[in-house]
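coords_10.txt (compact mmCIF, C-alpha atoms) appears below.
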# COMPACT_ATOMS: atom_id res chain seq x y z
CA MET A 1 -38.50 12.35 -11.25
CA SER A 2 -37.35 14.75 -8.51
CA ILE A 3 -33.77 13.64 -9.13
CA PHE A 4 -34.11 14.42 -12.83
CA ARG A 5 -35.62 17.85 -12.07
CA ARG A 6 -32.82 18.69 -9.64
CA CYS A 7 -30.20 17.53 -12.15
CA ALA A 8 -31.87 19.50 -14.95
CA ALA A 9 -32.02 22.63 -12.80
CA SER A 10 -28.36 22.26 -11.85
CA ILE A 11 -27.38 21.78 -15.50
CA ARG A 12 -29.37 24.88 -16.52
CA ARG A 13 -27.63 26.95 -13.84
CA VAL A 14 -24.22 25.72 -14.98
CA ILE A 15 -25.06 26.50 -18.62
CA GLN A 16 -26.22 30.00 -17.69
CA LYS A 17 -23.01 30.63 -15.75
CA LEU A 18 -20.93 29.40 -18.68
CA GLN A 19 -22.84 31.62 -21.08
CA GLN A 20 -22.24 34.62 -18.82
CA LEU A 21 -18.54 33.80 -18.59
CA ILE A 22 -18.27 33.41 -22.36
CA VAL A 23 -19.99 36.75 -22.96
CA SER A 24 -17.79 38.48 -20.37
CA PHE A 25 -14.66 36.91 -21.84
CA LYS A 26 -15.68 37.89 -25.37
CA ASN A 27 -16.34 41.48 -24.30
CA GLY A 28 -13.02 41.64 -22.52
CA ILE A 29 -11.20 40.31 -25.56
CA THR A 30 -12.95 42.85 -27.78
CA VAL A 31 -11.92 45.73 -25.51
CA HIS A 32 -8.29 44.71 -25.00
CA PHE A 33 -7.60 43.50 -28.54
CA LYS A 34 -9.10 46.21 -30.72
CA PHE A 35 -5.89 46.25 -32.72
CA LEU A 36 -6.89 42.90 -34.25
CA HIS A 37 -9.74 44.65 -36.03
CA GLU A 38 -7.74 47.76 -36.83
CA HIS A 39 -4.78 45.81 -38.24
CA PRO A 40 -6.04 42.60 -39.90
CA HIS A 41 -2.52 41.45 -40.82
CA THR A 42 -1.62 41.08 -37.14
CA ARG A 43 -4.26 38.41 -36.56
CA LYS A 44 -2.15 35.66 -38.09
CA TYR A 45 0.85 36.40 -35.87
CA PHE A 46 -1.34 36.86 -32.81
CA TRP A 47 -2.92 33.41 -33.13
CA ILE A 48 0.45 31.81 -33.83
CA PHE A 49 1.95 33.19 -30.61
CA LEU A 50 -1.24 32.31 -28.72
CA ALA A 51 -1.01 28.69 -29.90
CA ILE A 52 2.62 28.23 -28.79
CA PRO A 53 1.86 27.94 -25.02
CA ALA A 54 -1.01 25.55 -25.77
CA LEU A 55 1.31 23.33 -27.81
CA ILE A 56 3.92 23.38 -25.05
CA ILE A 57 1.34 22.32 -22.45
CA PHE A 58 0.06 19.60 -24.78
CA ALA A 59 3.60 18.29 -25.26
CA ILE A 60 4.28 18.22 -21.51
CA ALA A 61 0.91 16.73 -20.55
CA VAL A 62 0.48 14.18 -23.35
CA ILE A 63 3.55 13.58 -25.50
CA LEU A 64 6.18 13.55 -22.76
CA PRO A 65 4.34 11.02 -20.53
CA LEU A 66 3.99 8.73 -23.54
CA LYS A 67 7.71 8.95 -24.23
CA ILE A 68 8.63 8.30 -20.61
CA ASN A 69 6.12 5.56 -19.83
CA LEU A 70 5.99 3.90 -23.25
CA PRO A 71 9.56 3.25 -24.35
CA VAL A 72 10.32 1.66 -27.68
CA MET A 73 10.60 -2.13 -27.62
CA SER A 74 14.16 -3.30 -28.20
CA THR A 75 16.04 -6.59 -27.89
CA GLN A 76 18.51 -5.00 -25.49
CA ASN A 77 15.99 -3.70 -22.92
CA SER A 78 12.96 -5.93 -23.40
CA ASN A 79 12.08 -8.22 -20.51
CA LEU A 80 10.70 -10.66 -23.07
CA ASN A 81 14.19 -10.99 -24.54
CA PHE A 82 16.38 -10.42 -21.51
CA PHE A 83 17.58 -14.06 -21.57
CA ILE A 84 19.02 -13.73 -25.09
CA PRO A 85 22.77 -12.98 -25.17
CA ALA A 86 23.89 -10.20 -27.48
CA GLU A 87 26.20 -12.50 -29.47
CA THR A 88 23.46 -15.05 -30.31
CA GLU A 89 23.41 -16.45 -33.85
CA VAL A 90 20.52 -15.36 -36.06
CA ASP A 91 19.18 -18.90 -36.57
CA GLN A 92 18.97 -19.42 -32.80
CA ILE A 93 17.15 -16.20 -31.96
CA GLU A 94 13.61 -17.54 -32.58
CA VAL A 95 14.19 -20.56 -30.35
CA LEU A 96 15.68 -18.43 -27.62
CA LYS A 97 12.83 -15.91 -27.91
CA LYS A 98 10.31 -18.65 -27.13
CA PHE A 99 12.44 -19.72 -24.20
CA SER A 100 12.76 -16.11 -23.04
CA ASN A 101 8.99 -15.56 -23.25
CA LYS A 102 8.39 -18.69 -21.20
CA MET A 103 10.87 -17.60 -18.55
CA ALA A 104 9.28 -14.14 -18.39
CA ASP A 105 5.83 -15.71 -17.93
CA LEU A 106 7.17 -17.94 -15.14
CA LYS A 107 8.72 -14.91 -13.46
CA SER A 108 5.41 -13.03 -13.69
CA GLU A 109 3.59 -16.02 -12.19
CA GLU A 110 6.11 -16.15 -9.36
CA LEU A 111 5.53 -12.48 -8.56
CA PHE A 112 1.77 -13.07 -8.75
CA LEU A 113 2.02 -15.85 -6.16
CA ASN A 114 4.28 -13.72 -3.95
CA SER A 115 1.70 -10.93 -4.02
CA GLN A 116 -0.98 -13.37 -2.86
CA ILE A 117 1.28 -14.51 -0.01
CA ALA A 118 1.79 -10.89 1.01
CA MET A 119 -1.98 -10.28 0.95
CA ALA A 120 -2.61 -13.36 3.08
CA ASN A 121 -1.06 -11.49 6.02
CA ARG A 122 -3.79 -8.85 5.85
CA ASP A 123 -7.09 -9.23 7.67
CA SER A 124 -9.23 -7.51 5.04
CA ILE A 125 -10.82 -8.56 1.76
CA ASN A 126 -8.50 -8.23 -1.23
CA LEU A 127 -8.81 -8.64 -4.99
CA ILE A 128 -7.07 -11.08 -7.34
CA VAL A 129 -7.17 -10.44 -11.09
CA ASN A 130 -5.84 -13.39 -13.07
CA LEU A 131 -6.04 -12.50 -16.76
CA ALA A 132 -4.12 -15.62 -17.74
CA ASP A 133 -6.99 -17.80 -16.46
CA SER A 134 -9.75 -15.17 -17.04
CA VAL A 135 -10.72 -15.19 -13.38
CA VAL A 136 -11.21 -12.42 -10.80
CA SER A 137 -11.76 -13.34 -7.16
CA LEU A 138 -12.23 -11.94 -3.68
CA ASN A 139 -9.77 -13.27 -1.15
CA ILE A 140 -9.28 -12.93 2.59
CA GLN A 141 -6.20 -14.28 4.36
CA GLY A 142 -5.47 -16.68 1.52
CA VAL A 143 -9.03 -18.05 1.31
CA THR A 144 -11.12 -17.41 -1.82
CA ILE A 145 -14.60 -16.27 -0.83
CA ARG A 146 -15.90 -15.53 -4.33
CA GLU A 147 -14.57 -16.44 -7.76
CA CYS A 148 -15.91 -14.78 -10.91
CA LYS A 149 -15.45 -15.55 -14.57
CA ILE A 150 -14.05 -12.80 -16.80
CA HIS A 151 -16.04 -12.85 -20.04
CA HIS A 152 -13.85 -10.31 -21.85
CA TYR A 153 -10.89 -8.15 -20.99
CA LYS A 154 -8.91 -5.36 -22.63
CA LEU A 155 -5.52 -3.85 -21.90
CA SER A 156 -4.39 -0.36 -22.80
CA HIS A 157 -1.60 -0.04 -25.35
CA ALA A 158 0.75 0.92 -22.52
CA PHE A 159 1.01 -2.74 -21.51
CA LYS A 160 2.55 -3.59 -24.88
CA HIS A 161 5.47 -1.37 -23.98
CA ILE A 162 5.74 -1.64 -20.22
CA LYS A 163 7.23 -5.12 -20.60
CA ALA A 164 10.14 -3.50 -22.40
CA VAL A 165 11.07 -1.55 -19.27
CA PRO A 166 13.80 -3.23 -17.17
CA LEU A 167 11.83 -2.36 -13.99
CA PHE A 168 8.70 -4.17 -15.19
CA PHE A 169 9.11 -7.00 -12.70
CA ASP A 170 9.58 -4.47 -9.89
CA TRP A 171 6.26 -2.94 -10.95
CA LEU A 172 4.57 -6.33 -10.41
CA ALA A 173 6.58 -7.38 -7.35
CA GLU A 174 4.16 -6.09 -4.69
CA PRO A 175 0.38 -5.94 -4.38
CA PHE A 176 -1.24 -2.80 -5.70
CA THR A 177 -3.09 -0.60 -3.19
CA LEU A 178 -6.48 0.96 -3.86
CA LYS A 179 -6.39 4.78 -3.84
CA ASP A 180 -9.75 5.88 -5.23
CA GLU A 181 -12.88 4.51 -6.89
CA TRP A 182 -15.92 5.70 -8.86
CA ALA A 183 -19.10 3.79 -9.71
CA THR A 184 -22.64 4.05 -11.03
CA THR A 185 -24.11 2.89 -7.73
CA GLU A 186 -23.67 3.38 -4.01
CA LYS A 187 -20.91 1.61 -2.12
CA VAL A 188 -23.12 0.85 0.87
CA PRO A 189 -26.85 1.08 0.03
CA ILE A 190 -29.11 2.39 2.79
CA LYS A 191 -32.85 1.78 2.84
CA ILE A 192 -34.92 4.39 4.70
CA ARG A 193 -38.29 3.28 6.08
CA LYS A 194 -40.80 4.93 8.39
CA ALA A 195 -41.09 3.48 11.86
CA PRO A 196 -44.02 1.04 12.19
CA LYS A 197 -47.17 2.29 13.87
CA ASP A 198 -47.72 -0.83 15.94
CA THR A 199 -46.45 -4.38 16.50
CA ILE A 200 -48.61 -5.78 13.68
CA GLU A 201 -46.95 -3.53 11.10
CA ALA A 202 -43.53 -4.28 12.61
CA LYS A 203 -44.10 -8.02 12.17
CA LYS A 204 -45.10 -7.39 8.57
CA TYR A 205 -41.75 -5.70 7.87
CA LYS A 206 -39.95 -8.49 9.68
CA THR A 207 -41.44 -11.23 7.52
CA GLU A 208 -41.29 -9.22 4.28
CA PRO A 209 -38.50 -10.53 2.00
CA ALA A 210 -35.73 -8.03 1.35
CA ALA A 211 -35.76 -6.57 -2.12
CA LEU A 212 -32.61 -7.28 -4.06
CA ASP A 213 -30.83 -4.12 -5.09
CA LYS A 214 -29.24 -5.01 -8.43
CA PRO A 215 -28.66 -1.80 -10.38
CA ASP A 216 -26.54 -1.59 -13.50
CA ILE A 217 -22.96 -1.59 -12.30
CA TYR A 218 -19.91 0.03 -13.87
CA PHE A 219 -16.98 1.09 -11.73
CA THR A 220 -13.36 2.16 -11.96
CA MET A 221 -10.70 1.61 -9.31
CA GLN A 222 -7.48 3.59 -9.21
CA PHE A 223 -4.51 1.81 -7.65
CA ASP A 224 -1.02 3.03 -6.94
CA ARG A 225 1.68 2.78 -9.62
CA ASN A 226 -0.79 4.27 -12.16
CA LEU A 227 -2.92 1.14 -12.48
CA PHE A 228 -6.62 1.58 -13.29
CA LEU A 229 -9.10 -1.30 -13.22
CA ARG A 230 -12.34 -0.69 -15.12
CA VAL A 231 -15.15 -3.20 -14.48
CA LYS A 232 -18.41 -3.42 -16.41
CA GLN A 233 -21.34 -5.81 -16.50
CA VAL A 234 -21.88 -8.27 -19.33
CA GLU A 235 -25.67 -7.81 -19.25
CA SER A 236 -27.45 -5.18 -21.33
CA ILE A 237 -27.78 -1.78 -19.69
CA THR A 238 -31.08 -0.05 -18.91
CA LEU A 239 -31.93 3.54 -19.82
CA TRP A 240 -31.48 4.73 -16.24
CA GLY A 241 -28.20 2.82 -16.05
CA LEU A 242 -27.07 4.46 -19.28
CA LEU A 243 -27.59 7.92 -17.80
CA ARG A 244 -25.72 6.93 -14.65
CA ARG A 245 -22.86 5.49 -16.72
CA CYS A 246 -22.49 8.72 -18.72
CA PHE A 247 -22.33 10.76 -15.51
CA TYR A 248 -19.84 8.32 -13.94
CA GLN A 249 -17.59 8.40 -17.01
CA LYS A 250 -17.47 12.20 -16.89
CA ILE A 251 -16.49 12.07 -13.21
CA VAL A 252 -13.63 9.64 -13.94
CA PHE A 253 -12.41 11.82 -16.80
CA LEU A 254 -12.47 14.96 -14.66
CA ASN A 255 -10.52 13.27 -11.87
CA ILE A 256 -7.82 12.04 -14.25
CA THR A 257 -7.63 15.51 -15.81
CA LYS A 258 -7.34 17.03 -12.34
CA ASP A 259 -4.35 14.77 -11.55
CA THR A 260 -2.66 15.87 -14.78
CA ILE A 261 -3.21 19.56 -14.01
CA LEU A 262 -1.92 19.14 -10.45
CA ALA A 263 1.17 17.38 -11.77
CA LEU A 264 1.84 20.33 -14.06
CA PHE A 265 1.19 22.77 -11.20
CA TYR A 266 3.76 21.02 -9.00
CA ARG A 267 6.20 20.82 -11.95
CA THR A 268 6.22 17.05 -12.17
CA THR A 269 5.71 14.89 -15.23
CA PRO A 270 2.12 13.57 -15.55
CA GLN A 271 2.06 9.79 -15.48
CA TYR A 272 0.34 7.78 -18.19
CA PRO A 273 -2.27 5.40 -16.68
CA TYR A 274 -2.25 1.65 -17.33
CA TRP A 275 -5.85 0.58 -17.97
CA ILE A 276 -7.35 -2.88 -17.54
CA GLU A 277 -11.00 -3.37 -18.49
CA ILE A 278 -12.81 -6.57 -17.52
CA THR A 279 -16.37 -7.65 -18.24
CA ILE A 280 -18.11 -9.85 -15.67
CA SER A 281 -21.68 -10.56 -14.61
CA LYS A 282 -23.72 -7.86 -12.88
CA ASN A 283 -23.99 -9.82 -9.63
CA ASP A 284 -20.25 -10.44 -9.53
CA ALA A 285 -19.42 -6.81 -10.28
CA LEU A 286 -21.77 -5.55 -7.58
CA ALA A 287 -20.41 -8.03 -5.03
CA ILE A 288 -16.79 -7.07 -5.75
CA TYR A 289 -17.42 -3.33 -5.62
CA ARG A 290 -19.32 -3.44 -2.34
CA ALA A 291 -17.03 -5.98 -0.68
CA LEU A 292 -13.69 -4.25 -1.21
CA PRO A 293 -12.70 -1.89 1.63
CA ASN A 294 -10.61 1.26 1.45
CA LYS A 295 -6.96 0.61 0.58
CA ALA A 296 -7.72 -2.91 -0.57
CA ALA A 297 -4.84 -4.82 -2.15
CA LEU A 298 -4.74 -6.21 -5.68
CA ALA A 299 -2.66 -9.10 -7.02
CA LEU A 300 -2.33 -8.98 -10.80
CA ARG A 301 -1.35 -11.62 -13.30
CA LEU A 302 -1.10 -10.45 -16.90
CA PRO A 303 -1.80 -12.76 -19.85
CA PRO A 304 1.18 -14.68 -21.23
CA ALA A 305 3.27 -13.05 -23.92

Could you spell out this file's structure in structure tokens?
Amino acid sequence: MSIFRRCAASIRRVIQKLQQLIVSFKNGITVHFKFLHEHPHTRKYFWIFLAIPALIIFAIAVILPLKINLPVMSTQNSNLNFFIPAETEVDQIEVLKKFSNKMADLKSEELFLNSQIAMANRDSINLIVNLADSVVSLNIQGVTIRECKIHHYKLSHAFKHIKAVPLFFDWLAEPFTLKDEWATTEKVPIKIRKAPKDTIEAKKYKTEPAALDKPDIYFTMQFDRNLFLRVKQVESITLWGLLRRCFYQKIVFLNITKDTILALFYRTTPQYPYWIEITISKNDALAIYRALPNKAALALRLPPA
């Protein structure tokens, strides 16, 4: 309960600070904008001009990344149709589309295998996500050390459009590298215990079976090239796990928002993230999260078109 009390106290302090800031801001607005009360007709124009910068920021931060990262699907630029000549007869297009889709899937599988070959040269544990076979596995130097079944998976809408980009295969050509991660549990759990008083108590601890730490597990991994992997357990969540998940989701949201703000600060276009969400068992999720080191590599195979 001490954790809850500390959290509650911290939340109360934050709320009090926010209330003070709101009151100070309101007082400052009242002092500097008395003309809004003296001239009611100016309010409409004031709020219009105040909304213009907000709309510009919204367009740069949200609309523009969507336009850049999510181009419109077309038969000229789509990788799914890049084997179809422009002068193809209409009655042959459907047949060639099936052939083109098959060739694109084979190309994706080739890149997936090349990524695994590249990861085999590393001496650390890496991750393989095969959505085509609904399998995620831990791999070290080409040897699978744990294979897990994917019960469900979801892809963000960005993946429906990324295949239309001519550089889609370049995006898949190399393994992805882990940049950051957030979770509802510790990466490396540490158990603190008082030193035994004598040899009898020490033997008791030695023979005592280790308690299995199996908390509810939800985690998100951010890789380079704007790829995010969200993993959640298939089992029902406990009340304590629900609170941890809410806190973890807020942390992920704040970090993504921070990246967008920094991109605007450095006058670069914010990049739209590509999300993959997979649902696996609690034991598998916990094993994967705690096994992967910093800068782990990821080989990805998307489902067939």

Non-local contacts of Lys250 (chain A) (12 Å; only C-alpha atoms; under 4 positions in same chain excluded) as a PyMOL selection string: chain A and resi 182-184+220+243-246+254-257

Separation of CA of Thr279 (chain A) from CA of Glu181 (chain A), in Å and rounded to one decimal: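 Atom-to-atom, CA of Thr279 (chain A) and CA of Glu181 (chain A) are spaced 17.0 Å apart.
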
Minimum-distance residue to Pro215 (chain A), chosen among A:Phe228, A:Phe247, A:Trp240, A:Phe265 (using only C-alpha atoms):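 Closest to Pro215 (chain A) of all the choices is A:Trp240.
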
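Put simply, CA of Thr177 (chain A) is 25.0 Å away from CA of Ala305 (chain A).
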
Distance criterion (all atoms listed in the file): nearest to Ala158 (chain A) out of A:Gln233, A:Asn226, A:Thr268, A:Asn283: A:Asn226

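The two atoms in question, CA of Lys232 (chain A) and CA of Tyr218 (chain A), are spaced 4.5 Å apart.
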